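Source file: start.pdb (PDB, C-alpha atoms)
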ATOM      1  CA  PHE A   1     122.104 136.176  95.236
ATOM      2  CA  PHE A   2     125.213 136.726  93.095
ATOM      3  CA  CYS A   3     126.000 137.455  89.452
ATOM      4  CA  ARG A   4     129.448 137.688  87.912
ATOM      5  CA  ALA A   5     130.249 138.808  84.388
ATOM      6  CA  ARG A   6     133.397 139.234  82.337
ATOM      7  CA  MET A   7     133.565 141.220  79.114
ATOM      8  CA  GLY A   8     136.930 142.288  77.740
ATOM      9  CA  LYS A   9     138.628 143.499  74.586
ATOM     10  CA  ASP A  10     141.557 142.098  72.651
ATOM     11  CA  LYS A  11     144.842 143.881  73.350
ATOM     12  CA  GLY A  12     145.282 144.215  69.573
ATOM     13  CA  SER A  13     142.526 146.856  69.538
ATOM     14  CA  TYR A  14     144.134 148.975  72.261
ATOM     15  CA  GLU A  15     146.073 151.389  70.080
ATOM     16  CA  ARG A  16     143.115 151.905  67.732
ATOM     17  CA  LEU A  17     140.602 152.579  70.544
ATOM     18  CA  GLU A  18     142.744 154.323  73.166
ATOM     19  CA  ALA A  19     142.084 157.928  72.032
ATOM     20  CA  GLU A  20     138.315 157.358  71.973
ATOM     21  CA  LEU A  21     137.960 155.364  75.193
ATOM     22  CA  ARG A  22     140.281 157.541  77.284
ATOM     23  CA  GLU A  23     137.584 160.238  77.056
ATOM     24  CA  LEU A  24     134.961 158.031  78.700
ATOM     25  CA  PRO A  25     134.634 158.075  82.481
ATOM     26  CA  GLY A  26     135.610 154.550  83.455
ATOM     27  CA  GLY A  27     137.255 153.793  80.097
ATOM     28  CA  THR A  28     136.675 150.198  79.054
ATOM     29  CA  PHE A  29     134.303 149.651  81.986
ATOM     30  CA  PHE A  30     131.998 152.399  80.724
ATOM     31  CA  GLU A  31     131.999 150.949  77.222
ATOM     32  CA  LEU A  32     131.557 147.255  78.019
ATOM     33  CA  ALA A  33     130.028 146.805  81.496
ATOM     34  CA  CYS A  34     126.656 148.176  80.401
ATOM     35  CA  HIS A  35     126.014 145.023  78.350
ATOM     36  CA  PRO A  36     126.111 142.447  81.166
ATOM     37  CA  LEU A  37     124.718 145.029  83.597
ATOM     38  CA  ASP A  38     121.580 145.100  81.434
ATOM     39  CA  TYR A  39     121.038 141.374  82.096
ATOM     40  CA  ILE A  40     121.985 141.647  85.766
ATOM     41  CA  VAL A  41     119.557 144.507  86.464
ATOM     42  CA  GLY A  42     116.892 142.457  84.654
ATOM     43  CA  LEU A  43     117.566 139.567  87.043
ATOM     44  CA  MET A  44     118.274 141.384  90.312
ATOM     45  CA  GLY A  45     116.482 144.724  90.071
ATOM     46  CA  THR A  46     117.830 148.230  90.648
ATOM     47  CA  PRO A  47     121.216 148.393  92.394
ATOM     48  CA  THR A  48     121.345 150.150  95.755
ATOM     49  CA  SER A  49     125.023 151.030  95.336
ATOM     50  CA  ALA A  50     127.780 150.804  92.746
ATOM     51  CA  MET A  51     131.552 151.138  92.951
ATOM     52  CA  ALA A  52     134.495 150.237  90.761
ATOM     53  CA  VAL A  53     138.251 149.916  90.656
ATOM     54  CA  LEU A  54     139.352 151.602  87.435
ATOM     55  CA  ARG A  55     143.041 150.972  86.781
ATOM     56  CA  THR A  56     145.471 151.718  83.981
ATOM     57  CA  ASP A  57     147.768 148.691  83.736
ATOM     58  CA  TYR A  58     148.467 148.113  80.068
ATOM     59  CA  GLY A  59     148.739 151.507  78.427
ATOM     60  CA  ILE A  60     151.705 153.820  78.743
ATOM     61  CA  ASP A  61     151.146 157.578  79.112
ATOM     62  CA  THR A  62     147.361 157.320  79.052
ATOM     63  CA  PRO A  63     144.582 157.963  81.558
ATOM     64  CA  LEU A  64     142.515 155.160  79.961
ATOM     65  CA  ALA A  65     141.076 152.791  82.571
ATOM     66  CA  ASP A  66     142.028 149.524  80.878
ATOM     67  CA  ASN A  67     141.783 147.011  83.750
ATOM     68  CA  THR A  68     138.562 147.347  85.725
ATOM     69  CA  VAL A  69     136.110 145.665  88.052
ATOM     70  CA  GLY A  70     132.792 146.958  89.366
ATOM     71  CA  VAL A  71     130.684 145.774  92.287
ATOM     72  CA  PHE A  72     126.963 146.419  92.507
ATOM     73  CA  GLU A  73     124.773 145.848  95.554
ATOM     74  CA  PHE A  74     121.118 144.866  95.276
ATOM     75  CA  PRO A  75     118.443 144.295  97.922
ATOM     76  CA  GLY A  76     118.906 140.532  97.472
ATOM     77  CA  GLY A  77     122.559 140.164  96.556
ATOM     78  CA  ILE A  78     125.729 141.327  94.850
ATOM     79  CA  ALA A  79     127.085 141.421  91.301
ATOM     80  CA  SER A  80     130.557 141.976  89.909
ATOM     81  CA  ILE A  81     131.617 142.862  86.376
ATOM     82  CA  GLU A  82     135.192 142.661  85.094
ATOM     83  CA  SER A  83     136.461 144.364  81.958
ATOM     84  CA  SER A  84     139.950 144.818  80.562
ATOM     85  CA  MET A  85     141.540 145.774  77.256
ATOM     86  CA  MET A  86     144.583 143.515  77.391
ATOM     87  CA  GLU A  87     143.135 140.075  76.759
ATOM     88  CA  VAL A  88     143.927 137.337  74.301
ATOM     89  CA  ASP A  89     140.802 135.939  72.588
ATOM     90  CA  PRO A  90     138.371 137.856  74.823
ATOM     91  CA  PHE A  91     135.207 136.701  73.045
ATOM     92  CA  ALA A  92     135.819 133.135  74.220
ATOM     93  CA  GLN A  93     136.204 134.438  77.790
ATOM     94  CA  ARG A  94     133.095 136.627  77.853
ATOM     95  CA  ARG A  95     130.685 135.112  80.333
ATOM     96  CA  LEU A  96     127.747 135.625  82.631
ATOM     97  CA  GLU A  97     127.370 133.542  85.784
ATOM     98  CA  VAL A  98     124.188 133.542  87.877
ATOM     99  CA  PHE A  99     124.290 131.942  91.330
ATOM    100  CA  GLY A 100     121.099 131.174  93.237
ATOM    101  CA  THR A 101     120.185 129.104  96.261
ATOM    102  CA  GLY A 102     118.770 126.410  93.969
ATOM    103  CA  GLY A 103     121.608 126.292  91.470
ATOM    104  CA  THR A 104     123.956 128.060  89.095
ATOM    105  CA  ALA A 105     123.761 128.989  85.412
ATOM    106  CA  ILE A 106     126.869 129.882  83.402
ATOM    107  CA  VAL A 107     126.865 131.243  79.863
ATOM    108  CA  GLN A 108     130.362 131.111  78.332
ATOM    109  CA  PRO A 109     130.974 132.484  75.889
ATOM    110  CA  ILE A 110     128.155 135.007  75.828
ATOM    111  CA  GLY A 111     126.488 134.269  72.516
ATOM    112  CA  GLY A 112     127.396 130.581  72.714
ATOM    113  CA  GLU A 113     124.944 127.790  72.036
ATOM    114  CA  ASN A 114     125.070 126.099  75.452
ATOM    115  CA  LEU A 115     124.518 127.011  79.054
ATOM    116  CA  ALA A 116     126.081 125.125  81.967
ATOM    117  CA  LEU A 117     123.395 124.501  84.555
ATOM    118  CA  ILE A 118     123.962 123.079  88.041
ATOM    119  CA  LEU A 119     120.777 122.349  89.997
ATOM    120  CA  GLU A 120     120.275 121.259  93.588
ATOM    121  CA  HIS A 121     117.013 119.462  92.693
ATOM    122  CA  ASP A 122     115.268 118.343  89.505
ATOM    123  CA  GLN A 123     113.552 121.204  87.679
ATOM    124  CA  PRO A 124     111.955 119.414  84.685
ATOM    125  CA  PRO A 125     112.990 119.170  81.971
ATOM    126  CA  CYS A 126     116.380 119.623  83.685
ATOM    127  CA  HIS A 127     117.724 117.267  86.313
ATOM    128  CA  GLU A 128     119.623 117.597  89.551
ATOM    129  CA  GLY A 129     123.365 118.119  89.136
ATOM    130  CA  GLN A 130     125.408 119.562  86.312
ATOM    131  CA  GLN A 131     124.310 119.530  82.682
ATOM    132  CA  ASP A 132     124.710 121.447  79.469
ATOM    133  CA  VAL A 133     121.531 122.971  78.114
ATOM    134  CA  ALA A 134     121.265 123.900  74.433
ATOM    135  CA  VAL A 135     120.031 127.493  74.165
ATOM    136  CA  GLY A 136     120.610 128.012  70.457
ATOM    137  CA  SER A 137     122.854 130.506  68.754
ATOM    138  CA  TRP A 138     122.775 134.196  69.711
ATOM    139  CA  PRO A 139     124.465 135.932  66.794
ATOM    140  CA  MET A 140     125.817 139.247  68.062
ATOM    141  CA  PHE A 141     123.344 142.120  67.674
ATOM    142  CA  VAL A 142     120.860 140.133  65.533
ATOM    143  CA  GLY A 143     118.300 139.758  68.332
ATOM    144  CA  ASP A 144     118.670 143.431  69.274
ATOM    145  CA  ILE A 145     118.058 144.545  65.694
ATOM    146  CA  GLU A 146     115.084 142.186  65.327
ATOM    147  CA  GLU A 147     113.589 143.574  68.538
ATOM    148  CA  LEU A 148     114.163 147.174  67.397
ATOM    149  CA  VAL A 149     112.412 146.509  64.082
ATOM    150  CA  ALA A 150     109.474 144.784  65.834
ATOM    151  CA  CYS A 151     109.126 147.726  68.260
ATOM    152  CA  ILE A 152     109.245 150.273  65.435
ATOM    153  CA  ARG A 153     106.529 148.303  63.638
ATOM    154  CA  GLU A 154     104.577 148.202  66.913
ATOM    155  CA  ALA A 155     104.553 144.404  66.783
ATOM    156  CA  LYS A 156     105.883 144.198  70.348
ATOM    157  CA  GLN A 157     106.870 146.235  73.361
ATOM    158  CA  PRO A 158     110.581 146.579  74.203
ATOM    159  CA  ASP A 159     111.999 143.798  76.378
ATOM    160  CA  TYR A 160     113.240 146.440  78.806
ATOM    161  CA  ASP A 161     111.312 149.546  79.826
ATOM    162  CA  MET A 162     112.643 153.057  80.443
ATOM    163  CA  PRO A 163     112.976 152.617  84.239
ATOM    164  CA  HIS A 164     115.146 149.551  83.597
ATOM    165  CA  ASP A 165     117.356 151.462  81.165
ATOM    166  CA  ALA A 166     117.653 154.363  83.624
ATOM    167  CA  ALA A 167     118.640 151.963  86.428
ATOM    168  CA  VAL A 168     121.373 150.437  84.244
ATOM    169  CA  GLN A 169     122.758 153.813  83.186
ATOM    170  CA  ASP A 170     122.567 155.315  86.686
ATOM    171  CA  ALA A 171     124.446 152.331  88.144
ATOM    172  CA  LEU A 172     127.058 152.431  85.380
ATOM    173  CA  LEU A 173     127.662 156.150  85.853
ATOM    174  CA  ALA A 174     127.866 155.749  89.631
ATOM    175  CA  ALA A 175     130.451 152.962  89.279
ATOM    176  CA  CYS A 176     132.462 155.187  86.920
ATOM    177  CA  GLY A 177     132.431 157.996  89.479
ATOM    178  CA  VAL A 178     130.113 160.319  87.575
ATOM    179  CA  GLN A 179     127.199 160.396  90.057
TER     180      GLN A 179
END

Conversion result in structure tokens:
Amino acid sequence: FFCRARMGKDKGSYERLEAELRELPGGTFFELACHPLDYIVGLMGTPTSAMAVLRTDYGIDTPLADNTVGVFEFPGGIASIESSMMEVDPFAQRRLEVFGTGGTAIVQPIGGENLALILEHDQPPCHEGQQDVAVGSWPMFVGDIEELVACIREAKQPDYDMPHDAAVQDALLAACGVQ
């Protein structure tokens, strides 16, 4: 019924990326929110509405949206995604939280080797209550590249189909005020 994600950038990259990202509708939100939104749409379906607060709080004399939050409505719930460009050690803070009526799953950092799982009842092999579940390492981009190669070789179908990708992009553009 609710997903929350956070994906930011280190403030040390601001000066280097400002000229490029200021041209994007939604700034840092446009660049980064699509990644967790991909997972969220996979879990919750196509959003029925999308909106965002796109602020400039760190940069001086720039239109770059550098401190942002988006809210997406779904038939069965809500999701929020936060993204800023003024963080310290943002990779450690990147996370995805999934809340359901039977429990909660938290991945922090995204790409980490463990998942915090809180369950109302036993769901073997996991037990009621809070526990850490080993999910293995997710080296950044490796799985995406492996999937791309397998799809090119026709060894598998893409994990996400074109309607899924369109739903993600439509919601992202709507939140950034483009649609």

Quick one, how far is CA of Glu146 in chain A from CA of Arg6 in chain A?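 Separation between CA of Glu146 in chain A and CA of Arg6 in chain A: 25.2 Å.
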
Considering all atoms listed in the file, return as a list in words whatever protein or nucleic-acid residues lie within 9 Å of Ser137 in chain A, sequence-local ones (same chain, fewer than 5 positions apart) excluded.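 So the residues in contact are Gly111, Gly112, Glu113 and Asn114 of chain A.
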
Show me, as a tab-separated table, the residues of range 61-103 of chain A having an atom within 10 Å of range 25-49 of chain A, each with the closest atom pair and its distance in Å, using all atoms listed in the file.
residue	atom	partner	partner_atom	distance
A:Pro63	CA	A:Gly27	CA	8.6
A:Leu64	CA	A:Gly27	CA	5.4
A:Ala65	CA	A:Gly27	CA	4.7
A:Asp66	CA	A:Thr28	CA	5.7
A:Asn67	CA	A:Thr28	CA	7.6
A:Thr68	CA	A:Phe29	CA	6.1
A:Val69	CA	A:Phe29	CA	7.5
A:Gly70	CA	A:Phe29	CA	8.0
A:Val71	CA	A:Ser49	CA	8.3
A:Phe72	CA	A:Ser49	CA	5.7
A:Glu73	CA	A:Ser49	CA	5.2
A:Phe74	CA	A:Pro47	CA	4.6
A:Pro75	CA	A:Thr48	CA	6.9
A:Gly76	CA	A:Met44	CA	7.2
A:Gly77	CA	A:Met44	CA	7.7
A:Ile78	CA	A:Met44	CA	8.7
A:Ala79	CA	A:Ile40	CA	7.5
A:Ser80	CA	A:Leu37	CA	9.1
A:Ile81	CA	A:Ala33	CA	6.5
A:Glu82	CA	A:Ala33	CA	7.5
A:Ser83	CA	A:Phe29	CA	5.7
A:Ser84	CA	A:Thr28	CA	6.5
A:Met85	CA	A:Thr28	CA	6.8
A:Arg94	CA	A:Pro36	CA	9.7
A:Arg95	CA	A:Pro36	CA	8.7
A:Leu96	CA	A:Pro36	CA	7.2
A:Glu97	CA	A:Ile40	CA	9.7
A:Val98	CA	A:Ile40	CA	8.7

Rows by chain and residue number, range 29-108 of chain A within 6 Å of range 159-178 of chain A, shortest pair, only C-alpha atoms, as a tab-separated table:
residue	atom	partner	partner_atom	distance
A:Thr46	CA	A:Ala167	CA	5.7
A:Ala50	CA	A:Ala175	CA	4.9
A:Met51	CA	A:Ala175	CA	4.2
A:Ala52	CA	A:Ala175	CA	5.1

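Nearest to Phe1 in chain A of all the residues A:Thr104, A:Glu87, A:Ile60, A:Tyr14 is A:Thr104, based on only C-alpha atoms.
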
Test item: which residues lie within 6 Å of (124.9, 124.0, 81.8) counting all atoms listed in the file, as a ChimeraX atom specification: /A:115-117,131-133

Hits of the PyMOL selection byres ((chain A and resi 91-93) around 8) in this structure, as a PyMOL selection string: chain A and resi 6-9+89-90+94-95+108-110

Restricted to C-alpha atoms, what would the selected residues look like written as a PDB file, in the coordinates of the input?
ATOM      1  CA  ARG A   6     133.397 139.234  82.337  1.00  0.00           C
ATOM      2  CA  MET A   7     133.565 141.220  79.114  1.00  0.00           C
ATOM      3  CA  GLY A   8     136.930 142.288  77.740  1.00  0.00           C
ATOM      4  CA  LYS A   9     138.628 143.499  74.586  1.00  0.00           C
ATOM      5  CA  ASP A  89     140.802 135.939  72.588  1.00  0.00           C
ATOM      6  CA  PRO A  90     138.371 137.856  74.823  1.00  0.00           C
ATOM      7  CA  ARG A  94     133.095 136.627  77.853  1.00  0.00           C
ATOM      8  CA  ARG A  95     130.685 135.112  80.333  1.00  0.00           C
ATOM      9  CA  GLN A 108     130.362 131.111  78.332  1.00  0.00           C
ATOM     10  CA  PRO A 109     130.974 132.484  75.889  1.00  0.00           C
ATOM     11  CA  ILE A 110     128.155 135.007  75.828  1.00  0.00           C
TER      12      ILE A 110
END

Can you tell me how far CA of Ile118 in chain A sits from CA of Gly136 in chain A, in Å to one decimal?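 Rounded to one decimal, the two atoms are 18.6 Å apart.
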
Could you tell me how far CA of Phe2 in chain A sits from CA of Arg55 in chain A, in Å to one decimal place?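 Distance between the two atoms: 23.7 Å.
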
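Comparing the minimum interatomic distances between Val135 in chain A and each of A:Leu54, A:Cys3, A:Ala105, A:Leu17, counting all atoms listed in the file, we find that A:Ala105 sits nearest.
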